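S.K.: Contents of entry.txt (compact mmCIF, C-alpha atoms and all ligand atoms) are below:
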# COMPACT_ATOMS: atom_id res chain seq x y z
CA MET A 75 -57.60 -19.62 3.51
CA THR A 76 -57.98 -15.85 3.22
CA ALA A 77 -54.93 -13.62 3.65
CA PRO A 78 -54.89 -11.53 6.84
CA ALA A 79 -56.38 -8.07 6.26
CA ARG A 80 -53.75 -5.44 5.46
CA ALA A 81 -53.71 -2.60 7.98
CA ARG A 82 -55.45 0.39 6.44
CA THR A 83 -53.69 3.73 5.97
CA SER A 84 -54.92 6.98 7.49
CA ASP A 85 -56.37 8.08 4.15
CA GLU A 86 -58.17 4.78 3.70
CA LEU A 87 -59.60 4.89 7.23
CA ILE A 88 -60.82 8.48 6.77
CA ARG A 89 -62.48 7.50 3.46
CA ALA A 90 -64.00 4.40 5.06
CA GLU A 91 -65.74 6.52 7.71
CA GLN A 92 -67.64 8.59 5.16
CA PRO A 93 -70.45 6.19 4.21
CA VAL A 94 -70.89 4.60 7.64
CA LEU A 95 -70.45 7.36 10.23
CA ALA A 96 -72.91 10.18 10.80
CA HIS A 97 -71.32 13.43 9.68
CA ASN A 98 -71.80 15.36 12.92
CA TYR A 99 -68.07 16.14 13.21
CA HIS A 100 -65.41 17.56 10.92
CA PRO A 101 -62.20 16.14 12.43
CA LEU A 102 -58.71 17.14 11.39
CA PRO A 103 -57.38 14.52 8.95
CA VAL A 104 -55.27 12.61 11.47
CA VAL A 105 -55.96 9.02 12.53
CA VAL A 106 -54.57 8.36 15.98
CA ALA A 107 -53.52 4.83 16.84
CA HIS A 108 -51.40 5.22 19.99
CA ALA A 109 -50.85 7.82 22.66
CA GLU A 110 -48.85 8.42 25.78
CA GLY A 111 -48.57 11.51 27.96
CA ALA A 112 -48.84 14.61 25.82
CA TRP A 113 -48.06 12.75 22.58
CA VAL A 114 -50.20 10.87 20.08
CA GLU A 115 -49.05 8.77 17.15
CA ASP A 116 -50.96 8.18 13.93
CA VAL A 117 -51.39 5.03 11.90
CA GLU A 118 -48.20 5.74 9.92
CA GLY A 119 -46.20 6.35 13.11
CA ARG A 120 -46.08 10.16 12.84
CA ARG A 121 -46.00 11.83 16.27
CA TYR A 122 -47.97 14.89 17.34
CA LEU A 123 -48.04 16.98 20.47
CA ASP A 124 -51.64 17.01 21.73
CA MET A 125 -52.51 20.63 22.48
CA LEU A 126 -56.25 19.92 22.80
CA ALA A 127 -56.27 17.03 25.28
CA GLY A 128 -59.79 15.89 24.43
CA TYR A 129 -61.22 19.32 25.28
CA SER A 130 -59.76 18.88 28.79
CA ALA A 131 -60.89 15.26 29.17
CA LEU A 132 -57.18 14.36 29.10
CA ASN A 133 -55.94 16.78 31.76
CA PHE A 134 -53.62 14.06 33.09
CA GLY A 135 -52.34 13.16 29.65
CA HIS A 136 -52.95 10.00 27.69
CA ARG A 137 -52.80 6.80 29.71
CA HIS A 138 -51.54 8.25 32.96
CA PRO A 139 -49.95 5.23 34.72
CA ALA A 140 -51.89 5.66 37.99
CA LEU A 141 -55.19 5.89 36.13
CA ILE A 142 -54.45 2.96 33.84
CA GLU A 143 -53.47 0.89 36.86
CA ALA A 144 -56.69 1.77 38.69
CA ALA A 145 -58.71 0.84 35.60
CA HIS A 146 -56.87 -2.47 35.12
CA ARG A 147 -57.27 -3.37 38.77
CA GLN A 148 -60.99 -2.70 38.62
CA LEU A 149 -61.46 -4.49 35.26
CA ASP A 150 -60.18 -7.63 36.92
CA ARG A 151 -62.69 -7.42 39.79
CA LEU A 152 -66.02 -5.82 38.92
CA THR A 153 -67.16 -3.49 36.14
CA LEU A 154 -70.91 -2.94 36.43
CA THR A 155 -73.68 -3.52 38.91
CA SER A 156 -76.24 -0.83 37.99
CA ARG A 157 -77.57 1.12 40.95
CA ALA A 158 -80.00 -1.70 41.67
CA PHE A 159 -77.22 -2.92 43.99
CA HIS A 160 -74.46 -1.15 45.85
CA ASN A 161 -70.84 -1.52 44.73
CA ASP A 162 -67.74 -1.26 46.87
CA GLN A 163 -66.17 1.61 44.89
CA LEU A 164 -68.90 4.25 44.95
CA ALA A 165 -68.88 5.41 48.58
CA GLY A 166 -65.15 6.17 48.53
CA PHE A 167 -65.43 8.01 45.21
CA ALA A 168 -68.29 10.18 46.45
CA GLU A 169 -66.61 10.92 49.80
CA ARG A 170 -63.37 12.00 48.18
CA LEU A 171 -64.95 13.98 45.33
CA ALA A 172 -67.19 15.85 47.78
CA ARG A 173 -64.18 16.65 49.98
CA LEU A 174 -62.08 17.78 47.00
CA THR A 175 -64.77 20.19 45.83
CA GLY A 176 -65.86 21.40 49.27
CA GLN A 177 -69.37 20.03 48.83
CA ASP A 178 -71.57 17.51 50.68
CA MET A 179 -73.07 15.12 48.14
CA VAL A 180 -72.48 13.62 44.71
CA LEU A 181 -74.89 12.56 41.96
CA PRO A 182 -72.84 10.37 39.59
CA MET A 183 -73.62 10.36 35.88
CA ASN A 184 -71.64 9.65 32.69
CA THR A 185 -71.35 12.44 30.14
CA GLY A 186 -71.15 16.17 30.62
CA ALA A 187 -74.53 16.78 29.03
CA GLU A 188 -76.09 14.35 31.49
CA ALA A 189 -74.54 16.24 34.39
CA VAL A 190 -76.05 19.47 33.00
CA GLU A 191 -79.46 17.84 32.51
CA SER A 192 -79.24 16.46 36.04
CA GLY A 193 -78.30 19.88 37.43
CA ILE A 194 -81.30 21.42 35.67
CA LYS A 195 -83.66 18.78 37.07
CA VAL A 196 -82.27 19.16 40.59
CA ALA A 197 -82.55 22.97 40.41
CA ARG A 198 -86.17 22.77 39.24
CA LYS A 199 -87.07 20.21 41.92
CA TRP A 200 -85.43 22.43 44.55
CA ALA A 201 -87.41 25.43 43.27
CA TYR A 202 -90.73 23.57 43.71
CA ASP A 203 -89.97 21.63 46.90
CA VAL A 204 -87.91 24.18 48.83
CA LYS A 205 -88.35 27.63 47.33
CA GLY A 206 -92.07 27.20 46.67
CA VAL A 207 -92.21 28.20 42.99
CA PRO A 208 -95.66 27.27 41.56
CA ALA A 209 -95.67 24.02 39.55
CA ASP A 210 -94.07 24.21 36.09
CA ARG A 211 -93.17 27.89 36.47
CA ALA A 212 -89.48 27.56 37.39
CA THR A 213 -86.97 29.48 35.27
CA ILE A 214 -83.23 29.11 34.89
CA VAL A 215 -81.08 32.05 33.81
CA VAL A 216 -78.19 31.22 31.47
CA ALA A 217 -75.58 33.18 29.52
CA ALA A 218 -75.41 33.95 25.82
CA ASP A 219 -72.73 32.03 23.89
CA ASN A 220 -72.92 29.22 26.45
CA PHE A 221 -71.95 25.66 25.69
CA HIS A 222 -73.42 23.04 28.00
CA GLY A 223 -73.86 20.06 25.66
CA ARG A 224 -76.10 18.71 22.94
CA THR A 225 -79.35 17.33 24.33
CA THR A 226 -82.66 18.83 23.22
CA THR A 227 -83.16 20.66 26.52
CA ILE A 228 -79.61 22.01 26.50
CA VAL A 229 -79.73 23.26 22.90
CA SER A 230 -83.04 24.90 23.82
CA PHE A 231 -81.02 27.62 25.57
CA SER A 232 -78.05 27.73 23.20
CA THR A 233 -77.50 30.92 21.20
CA ASP A 234 -75.58 29.02 18.50
CA GLU A 235 -77.95 28.62 15.56
CA THR A 236 -75.98 25.66 14.15
CA ALA A 237 -76.49 23.80 17.41
CA ARG A 238 -80.24 24.62 17.55
CA SER A 239 -81.58 24.93 14.07
CA GLY A 240 -83.71 21.98 13.03
CA PHE A 241 -84.00 20.51 16.51
CA GLY A 242 -87.11 22.21 17.91
CA PRO A 243 -89.56 22.26 19.57
CA PHE A 244 -87.49 23.46 22.49
CA THR A 245 -87.78 23.13 26.25
CA PRO A 246 -89.18 26.31 27.83
CA GLY A 247 -88.11 27.84 31.13
CA PHE A 248 -84.77 29.48 30.28
CA ARG A 249 -83.81 33.14 30.16
CA ILE A 250 -80.66 34.19 28.32
CA VAL A 251 -78.60 37.19 29.39
CA PRO A 252 -75.21 38.44 28.16
CA TYR A 253 -72.22 36.75 29.84
CA ASN A 254 -70.13 38.81 32.22
CA ASP A 255 -72.99 41.28 32.83
CA LEU A 256 -74.21 41.35 36.42
CA ALA A 257 -76.81 44.07 35.79
CA ALA A 258 -78.46 42.00 33.06
CA LEU A 259 -78.42 38.98 35.36
CA GLU A 260 -80.00 40.94 38.18
CA ALA A 261 -82.77 42.14 35.85
CA ALA A 262 -83.51 38.59 34.68
CA VAL A 263 -83.78 36.98 38.11
CA ASP A 264 -87.19 36.98 39.81
CA GLU A 265 -89.32 34.90 42.19
CA THR A 266 -89.59 32.08 39.63
CA THR A 267 -85.83 31.69 39.26
CA ALA A 268 -84.55 28.30 40.33
CA ALA A 269 -80.94 28.88 39.34
CA VAL A 270 -78.34 30.80 37.44
CA LEU A 271 -76.35 28.35 35.30
CA ILE A 272 -73.05 29.55 33.86
CA GLU A 273 -69.58 28.42 32.87
CA PRO A 274 -66.95 30.13 35.08
CA VAL A 275 -64.88 30.40 31.88
CA GLN A 276 -66.73 29.95 28.58
CA GLY A 277 -64.68 27.28 26.82
CA GLU A 278 -66.39 26.59 23.54
CA ALA A 279 -67.07 30.31 23.02
CA GLY A 280 -63.29 30.82 22.81
CA VAL A 281 -62.02 30.66 26.41
CA ILE A 282 -63.89 33.78 27.52
CA VAL A 283 -62.65 34.75 30.97
CA PRO A 284 -65.11 37.02 32.82
CA ASP A 285 -64.01 40.20 34.58
CA ASP A 286 -62.65 39.87 38.10
CA GLY A 287 -65.58 40.02 40.47
CA TYR A 288 -68.14 38.50 38.09
CA LEU A 289 -68.23 35.06 39.73
CA ALA A 290 -68.31 36.55 43.22
CA GLY A 291 -71.05 38.87 41.97
CA VAL A 292 -73.10 35.93 40.68
CA ARG A 293 -72.69 34.23 44.06
CA GLU A 294 -73.80 37.33 45.93
CA LEU A 295 -76.71 38.02 43.59
CA THR A 296 -78.04 34.45 43.69
CA ARG A 297 -77.76 34.35 47.48
CA ARG A 298 -79.68 37.60 47.77
CA ALA A 299 -82.31 36.49 45.24
CA GLY A 300 -82.79 33.12 46.93
CA CYS A 301 -81.87 31.04 43.89
CA LEU A 302 -79.09 28.55 43.19
CA PHE A 303 -75.73 29.19 41.56
CA VAL A 304 -74.94 26.24 39.30
CA ALA A 305 -71.38 26.31 37.92
CA ASP A 306 -70.67 24.21 34.84
CA GLU A 307 -67.04 23.25 35.48
CA ILE A 308 -67.09 20.38 33.00
CA GLN A 309 -64.32 21.97 30.96
CA SER A 310 -62.90 24.56 33.38
CA GLY A 311 -62.71 22.29 36.42
CA LEU A 312 -60.29 19.67 37.74
CA GLY A 313 -57.04 21.58 37.46
CA ARG A 314 -57.25 23.24 34.06
CA THR A 315 -57.19 26.86 35.26
CA GLY A 316 -54.58 26.40 37.98
CA ARG A 317 -57.14 25.63 40.70
CA THR A 318 -59.22 22.54 41.32
CA LEU A 319 -62.28 24.55 40.25
CA ALA A 320 -62.26 27.80 38.28
CA VAL A 321 -64.67 29.39 40.79
CA GLU A 322 -61.88 29.15 43.37
CA HIS A 323 -60.14 32.08 41.65
CA GLU A 324 -62.80 34.19 43.37
CA ASP A 325 -63.23 32.02 46.47
CA VAL A 326 -66.75 31.19 45.38
CA VAL A 327 -68.64 28.07 46.45
CA PRO A 328 -71.63 27.42 44.15
CA ASP A 329 -74.68 25.46 45.26
CA LEU A 330 -74.13 22.89 42.53
CA VAL A 331 -71.00 22.15 40.51
CA LEU A 332 -71.16 20.14 37.29
CA LEU A 333 -68.12 17.99 36.49
CA GLY A 334 -67.22 15.68 33.63
CA LYS A 335 -64.46 15.26 31.05
CA ALA A 336 -61.25 14.88 33.15
CA LEU A 337 -63.21 13.12 35.91
CA GLY A 338 -63.01 9.99 33.74
CA GLY A 339 -59.23 10.27 33.39
CA GLY A 340 -59.48 9.98 29.62
CA ILE A 341 -60.51 6.35 30.08
CA VAL A 342 -64.25 6.18 30.73
CA PRO A 343 -67.02 8.78 30.64
CA VAL A 344 -67.60 9.95 34.20
CA SER A 345 -69.59 13.02 35.19
CA ALA A 346 -71.17 14.24 38.38
CA VAL A 347 -73.25 16.90 40.02
CA VAL A 348 -71.76 17.82 43.37
CA GLY A 349 -73.60 20.05 45.77
CA ARG A 350 -74.97 20.99 49.12
CA ARG A 351 -77.10 18.47 50.99
CA GLU A 352 -80.10 20.85 51.11
CA VAL A 353 -80.08 20.93 47.31
CA LEU A 354 -79.06 17.47 46.07
CA GLY A 355 -81.14 16.05 48.90
CA VAL A 356 -84.34 16.92 46.99
CA LEU A 357 -83.97 13.76 44.87
CA HIS A 358 -85.73 10.61 46.02
CA PRO A 359 -85.64 7.04 44.68
CA GLY A 360 -87.09 6.74 41.20
CA GLU A 361 -86.92 10.45 40.37
CA HIS A 362 -83.63 10.36 38.47
CA GLY A 363 -80.96 7.87 37.49
CA SER A 364 -78.70 6.22 34.96
CA THR A 365 -77.82 2.58 34.33
CA PHE A 366 -74.12 3.36 34.08
CA GLY A 367 -73.86 6.31 36.48
CA GLY A 368 -71.65 5.43 39.43
CA ASN A 369 -70.54 2.12 37.98
CA PRO A 370 -67.57 0.54 39.78
CA LEU A 371 -65.13 1.01 36.89
CA ALA A 372 -66.05 4.70 36.62
CA ALA A 373 -65.87 5.09 40.39
CA ALA A 374 -62.44 3.43 40.58
CA VAL A 375 -61.04 5.64 37.80
CA GLY A 376 -62.78 8.71 39.25
CA THR A 377 -61.26 7.99 42.66
CA ALA A 378 -57.80 7.73 41.08
CA VAL A 379 -58.42 11.10 39.36
CA VAL A 380 -59.39 12.67 42.68
CA GLU A 381 -56.25 11.19 44.25
CA LEU A 382 -54.10 12.88 41.61
CA LEU A 383 -55.83 16.21 42.22
CA GLU A 384 -55.49 15.87 46.00
CA THR A 385 -51.73 16.23 45.58
CA GLY A 386 -52.19 19.76 44.16
CA GLU A 387 -49.43 19.02 41.64
CA PHE A 388 -51.60 19.38 38.56
CA GLN A 389 -53.19 22.63 39.68
CA ARG A 390 -49.67 23.96 40.38
CA ARG A 391 -48.40 22.87 36.98
CA ALA A 392 -51.38 24.48 35.23
CA ALA A 393 -50.71 27.76 37.04
CA GLU A 394 -46.95 27.73 36.36
CA LEU A 395 -47.09 26.55 32.76
CA GLY A 396 -50.02 28.92 32.26
CA GLY A 397 -47.50 31.71 32.82
CA VAL A 398 -45.27 30.28 30.08
CA LEU A 399 -48.27 29.99 27.75
CA ARG A 400 -49.36 33.56 28.43
CA GLU A 401 -45.83 34.89 27.92
CA GLY A 402 -45.44 32.97 24.64
CA LEU A 403 -48.79 34.20 23.32
CA THR A 404 -48.06 37.78 24.38
CA ASP A 405 -44.93 37.62 22.19
CA LEU A 406 -47.09 36.58 19.23
CA VAL A 407 -49.53 39.47 19.53
CA GLY A 408 -48.97 41.60 16.43
CA ARG A 409 -47.16 38.67 14.78
CA GLY A 410 -50.19 36.78 13.53
CA VAL A 411 -52.14 36.84 16.79
CA VAL A 412 -54.61 39.69 17.20
CA GLY A 413 -55.52 38.84 20.78
CA PHE A 414 -55.89 36.01 23.25
CA ARG A 415 -57.50 35.10 26.54
CA SER A 416 -56.09 32.59 28.97
CA ARG A 417 -56.56 31.19 32.42
CA GLY A 418 -54.13 28.55 33.66
CA LEU A 419 -53.08 26.16 30.93
CA TRP A 420 -55.97 27.11 28.66
CA ALA A 421 -56.12 29.75 25.97
CA GLY A 422 -58.31 31.03 23.15
CA VAL A 423 -56.07 32.58 20.53
CA ASP A 424 -57.55 34.94 17.93
CA VAL A 425 -55.51 34.62 14.78
CA ASP A 426 -55.34 37.36 12.14
CA PRO A 427 -58.06 36.24 9.67
CA ALA A 428 -55.81 37.34 6.80
CA LEU A 429 -53.55 34.39 7.64
CA GLY A 430 -56.32 31.84 7.22
CA THR A 431 -59.30 30.44 9.06
CA GLY A 432 -58.86 28.73 12.40
CA ARG A 433 -59.33 25.47 10.56
CA GLU A 434 -56.55 26.25 8.08
CA ILE A 435 -54.19 27.24 10.90
CA SER A 436 -55.08 24.02 12.76
CA GLU A 437 -54.26 22.00 9.62
CA ARG A 438 -50.95 23.85 9.29
CA LEU A 439 -50.15 23.05 12.92
CA MET A 440 -51.05 19.42 12.34
CA ARG A 441 -48.64 19.16 9.43
CA GLU A 442 -45.94 20.48 11.79
CA GLY A 443 -46.79 17.92 14.48
CA VAL A 444 -49.08 19.89 16.79
CA LEU A 445 -52.76 19.08 17.29
CA ALA A 446 -55.10 21.93 18.20
CA LYS A 447 -58.62 22.81 17.22
CA ASP A 448 -60.32 25.94 16.01
CA THR A 449 -63.50 27.35 17.42
CA HIS A 450 -65.63 30.12 15.91
CA GLY A 451 -63.83 31.34 12.83
CA SER A 452 -60.29 32.43 13.58
CA THR A 453 -59.90 31.33 17.19
CA ILE A 454 -57.61 28.44 18.11
CA ARG A 455 -58.12 26.74 21.43
CA LEU A 456 -55.07 25.51 23.32
CA ALA A 457 -55.56 23.15 26.26
CA PRO A 458 -52.62 20.73 26.49
CA PRO A 459 -52.44 17.96 29.08
CA LEU A 460 -51.38 19.39 32.45
CA THR A 461 -48.51 16.88 32.34
CA ILE A 462 -46.88 18.61 29.36
CA THR A 463 -43.29 19.72 30.04
CA GLU A 464 -42.18 23.30 29.73
CA ALA A 465 -39.92 22.34 26.80
CA GLU A 466 -42.83 20.66 25.00
CA LEU A 467 -45.05 23.68 25.59
CA ARG A 468 -42.37 26.03 24.26
CA SER A 469 -41.91 23.85 21.19
CA ALA A 470 -45.67 23.98 20.50
CA LEU A 471 -45.55 27.77 20.79
CA ALA A 472 -42.64 27.84 18.34
CA VAL A 473 -44.66 25.74 15.90
CA LEU A 474 -47.57 28.15 16.29
CA ALA A 475 -45.24 31.10 15.61
CA GLY A 476 -44.02 29.32 12.48
CA ALA A 477 -47.54 28.54 11.27
CA LEU A 478 -48.48 32.20 11.62
CA ALA A 479 -45.34 33.41 9.88
CA VAL A 480 -46.23 31.54 6.68
C1 LIG B 501 -68.82 23.50 29.74
C2 LIG B 501 -69.32 22.23 29.12
N1 LIG B 501 -70.45 21.68 29.56
C3 LIG B 501 -70.93 20.54 29.05
C4 LIG B 501 -70.27 19.89 28.01
C5 LIG B 501 -70.86 18.62 27.44
O1 LIG B 501 -70.10 17.53 27.77
P1 LIG B 501 -70.27 16.14 26.97
O2 LIG B 501 -69.72 16.37 25.59
O3 LIG B 501 -69.47 15.15 27.75
O4 LIG B 501 -71.72 15.84 26.96
C6 LIG B 501 -69.09 20.44 27.51
C7 LIG B 501 -68.39 19.79 26.39
O5 LIG B 501 -67.57 20.36 25.70
C8 LIG B 501 -68.60 21.64 28.07
O6 LIG B 501 -67.48 22.20 27.62
Represent the structure of the file as structure tokens.
M.R.:
Amino acid sequence: MTAPARARTSDELIRAEQPVLAHNYHPLPVVVAHAEGAWVEDVEGRRYLDMLAGYSALNFGHRHPALIEAAHRQLDRLTLTSRAFHNDQLAGFAERLARLTGQDMVLPMNTGAEAVESGIKVARKWAYDVKGVPADRATIVVAADNFHGRTTTIVSFSTDETARSGFGPFTPGFRIVPYNDLAALEAAVDETTAAVLIEPVQGEAGVIVPDDGYLAGVRELTRRAGCLFVADEIQSGLGRTGRTLAVEHEDVVPDLVLLGKALGGGIVPVSAVVGRREVLGVLHPGEHGSTFGGNPLAAAVGTAVVELLETGEFQRRAAELGGVLREGLTDLVGRGVVGFRSRGLWAGVDVDPALGTGREISERLMREGVLAKDTHGSTIRLAPPLTITEAELRSALAVLAGALAV
């Protein structure tokens, strides 16, 4: 009889990944084994406050009881049908998600990148079928420093060389203009333009919040030009900025909204394109789809997510705690922080490069029990679960102050 395998340590598990996992990530050296709320615990039982929340996929914290219950309930009944058949969860999910976002229709998918790809296909189809753009001539205007995912079409219009280099040939049909620049956008839009696709706040770029009036300006410009406004709210949406959608800060209703991350409650990948009937209605059977998109487990969890957001509690918390975050970071400016941008419970913090790279600061934070992740050199991104308490948030800020005082 062989002895039961000894549980492996964090170091052993990290080493074990090396030969068998593709090296497309460079994670912090922490191996998470359990999590609840805003806290995660590693293999050795060390606890960390999660200030990243799965890049906003965990807006409701780890294992929110209502979401776990919805998932369990659905696991015991029905998990997958494919769209070859109907399932009893999908209609309710679509109705409630459309109502929550002020739109008419939903196209359910799985990952964020798929929602973006789907939005691009819908915009092109709309350009040919409705706007009358000649075949294969449609263009989509996007912003520099965007992050919309990792597929070959999406990296075709990335301006990040690491994301693009080595992956050509690229998909044509995209024009790139500077973010937060309405004049440049206006100059790029013409009769071939199907859509303007932007993030209402650029997350991966370092939580870049555009000037007041930019989103309303994009809405006005696209309406005038007769093209679609597609808002990628995959990271900014579903409560993060203090509103259900970040475009609501300027009372803007886009033609298509792309959702993902938190829509799956941190349990399953769930994404969606939501939009007006005149736009999403261009799709007909056979033209687009996904085996897993709209599966009953995803729909049940997605419905429970929408139910949480219908209360308004999470948006309120993000707005209120966002004030605490902003105040705490303001205090750190000149004390290790050279600048920051924030909206709701979401911040990009530029650390004095003399104190270390963003990676080194993140490792320092980790050793002090706070998990956060760098982006672009010396910027640290903070996006805790919206369920974090004020005391927990203040303690994370104190740890950050300590890490910068080293
Ligand atoms: C704005 C935005 N769009 C799209 C994506 C891609 O989502 P996924 O990683 O689920 O494909 C991300 C992921 O970070 C994102 O932040």
S.K.: Quick one: pull the distance between CA of Glu265 (chain A) and CA of Lys199 (chain A), Å, one decimal.
M.R.: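 Straight-line distance from CA of Glu265 (chain A) to CA of Lys199 (chain A) works out to 14.9 Å.
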S.K.: Neighbouring residues of region 223-231 of chain A were defined as those with any atom within 8 Å, considering all atoms listed in the file; residues of the same chain fewer than 2 positions away were excluded. Please report them as a PyMOL selection string.
M.R.: chain A and resi 186-187+190-191+216+221+233+237-238+241-242+244-246+248-250
S.K.: For Gly128 (chain A), find every residue with an atom within 9 Å (counting all atoms listed in the file), except residues of its own chain fewer than 2 positions away, and show them as a ChimeraX atom specification.
M.R.: /A:124-126,130-133,335-336,340,457-459
S.K.: Pick the closest to His146 (chain A) from A:Ala372, A:Ala279, A:Leu460, A:Leu429: which is it, counting all atoms listed in the file?
M.R.: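 Ranked by minimum distance to His146 (chain A), first place goes to A:Ala372.
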S.K.: Between A:Leu478, A:Val292, A:Leu87, A:Val304, which has the minimum distance to ligand LIG 501 (chain B) (counting only C-alpha atoms and all ligand atoms)?
M.R.: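 Checking each candidate against ligand LIG 501 (chain B), we get A:Val304 as the closest.
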S.K.: Could you name the residues that touch Lys447 (chain A) at 12 Å or less, counting only C-alpha atoms, but leaving out those on the same chain fewer than 2 positions away, as an MDAnalysis selection string?
M.R.: chainID A and resid 100:103 124:129 278 280 421:423 431:440 444:445 449:458
S.K.: Provide region 249-265 of chain A rebuilt to N, CA and C atoms, formatted as an mmCIF file, in the frame of the given file.
M.R.:
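After the write, result-v3.cif holds the following:
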data_model
loop_
_atom_site.group_PDB
_atom_site.id
_atom_site.type_symbol
_atom_site.label_atom_id
_atom_site.label_comp_id
_atom_site.auth_asym_id
_atom_site.auth_seq_id
_atom_site.Cartn_x
_atom_site.Cartn_y
_atom_site.Cartn_z
ATOM 1 N N ARG A 249 -83.999 31.749 30.533
ATOM 2 C CA ARG A 249 -83.810 33.140 30.160
ATOM 3 C C ARG A 249 -82.334 33.352 29.862
ATOM 4 N N ILE A 250 -82.057 34.014 28.749
ATOM 5 C CA ILE A 250 -80.660 34.190 28.320
ATOM 6 C C ILE A 250 -80.251 35.642 28.503
ATOM 7 N N VAL A 251 -79.133 35.835 29.196
ATOM 8 C CA VAL A 251 -78.600 37.190 29.390
ATOM 9 C C VAL A 251 -77.155 37.215 28.878
ATOM 10 N N PRO A 252 -76.610 38.396 28.581
ATOM 11 C CA PRO A 252 -75.210 38.440 28.160
ATOM 12 C C PRO A 252 -74.296 37.909 29.268
ATOM 13 N N TYR A 253 -73.219 37.244 28.874
ATOM 14 C CA TYR A 253 -72.220 36.750 29.840
ATOM 15 C C TYR A 253 -71.473 37.933 30.411
ATOM 16 N N ASN A 254 -71.006 37.794 31.631
ATOM 17 C CA ASN A 254 -70.130 38.810 32.220
ATOM 18 C C ASN A 254 -70.875 40.134 32.439
ATOM 19 N N ASP A 255 -72.180 40.067 32.674
ATOM 20 C CA ASP A 255 -72.990 41.280 32.830
ATOM 21 C C ASP A 255 -73.913 41.084 34.033
ATOM 22 N N LEU A 256 -73.455 41.576 35.179
ATOM 23 C CA LEU A 256 -74.210 41.350 36.420
ATOM 24 C C LEU A 256 -75.535 42.108 36.432
ATOM 25 N N ALA A 257 -75.567 43.288 35.798
ATOM 26 C CA ALA A 257 -76.810 44.070 35.790
ATOM 27 C C ALA A 257 -77.881 43.325 35.007
ATOM 28 N N ALA A 258 -77.496 42.753 33.874
ATOM 29 C CA ALA A 258 -78.460 42.000 33.060
ATOM 30 C C ALA A 258 -78.957 40.772 33.828
ATOM 31 N N LEU A 259 -78.047 40.161 34.568
ATOM 32 C CA LEU A 259 -78.420 38.980 35.360
ATOM 33 C C LEU A 259 -79.423 39.378 36.437
ATOM 34 N N GLU A 260 -79.121 40.453 37.103
ATOM 35 C CA GLU A 260 -80.000 40.940 38.180
ATOM 36 C C GLU A 260 -81.406 41.212 37.634
ATOM 37 N N ALA A 261 -81.467 41.788 36.443
ATOM 38 C CA ALA A 261 -82.770 42.140 35.850
ATOM 39 C C ALA A 261 -83.554 40.886 35.455
ATOM 40 N N ALA A 262 -82.839 39.803 35.166
ATOM 41 C CA ALA A 262 -83.510 38.590 34.680
ATOM 42 C C ALA A 262 -84.003 37.688 35.804
ATOM 43 N N VAL A 263 -83.440 37.862 36.991
ATOM 44 C CA VAL A 263 -83.780 36.980 38.110
ATOM 45 C C VAL A 263 -85.053 37.486 38.796
ATOM 46 N N ASP A 264 -85.992 36.584 39.047
ATOM 47 C CA ASP A 264 -87.190 36.980 39.810
ATOM 48 C C ASP A 264 -87.630 35.816 40.700
ATOM 49 N N GLU A 265 -88.874 35.888 41.195
ATOM 50 C CA GLU A 265 -89.320 34.900 42.190
ATOM 51 C C GLU A 265 -89.486 33.497 41.581
#
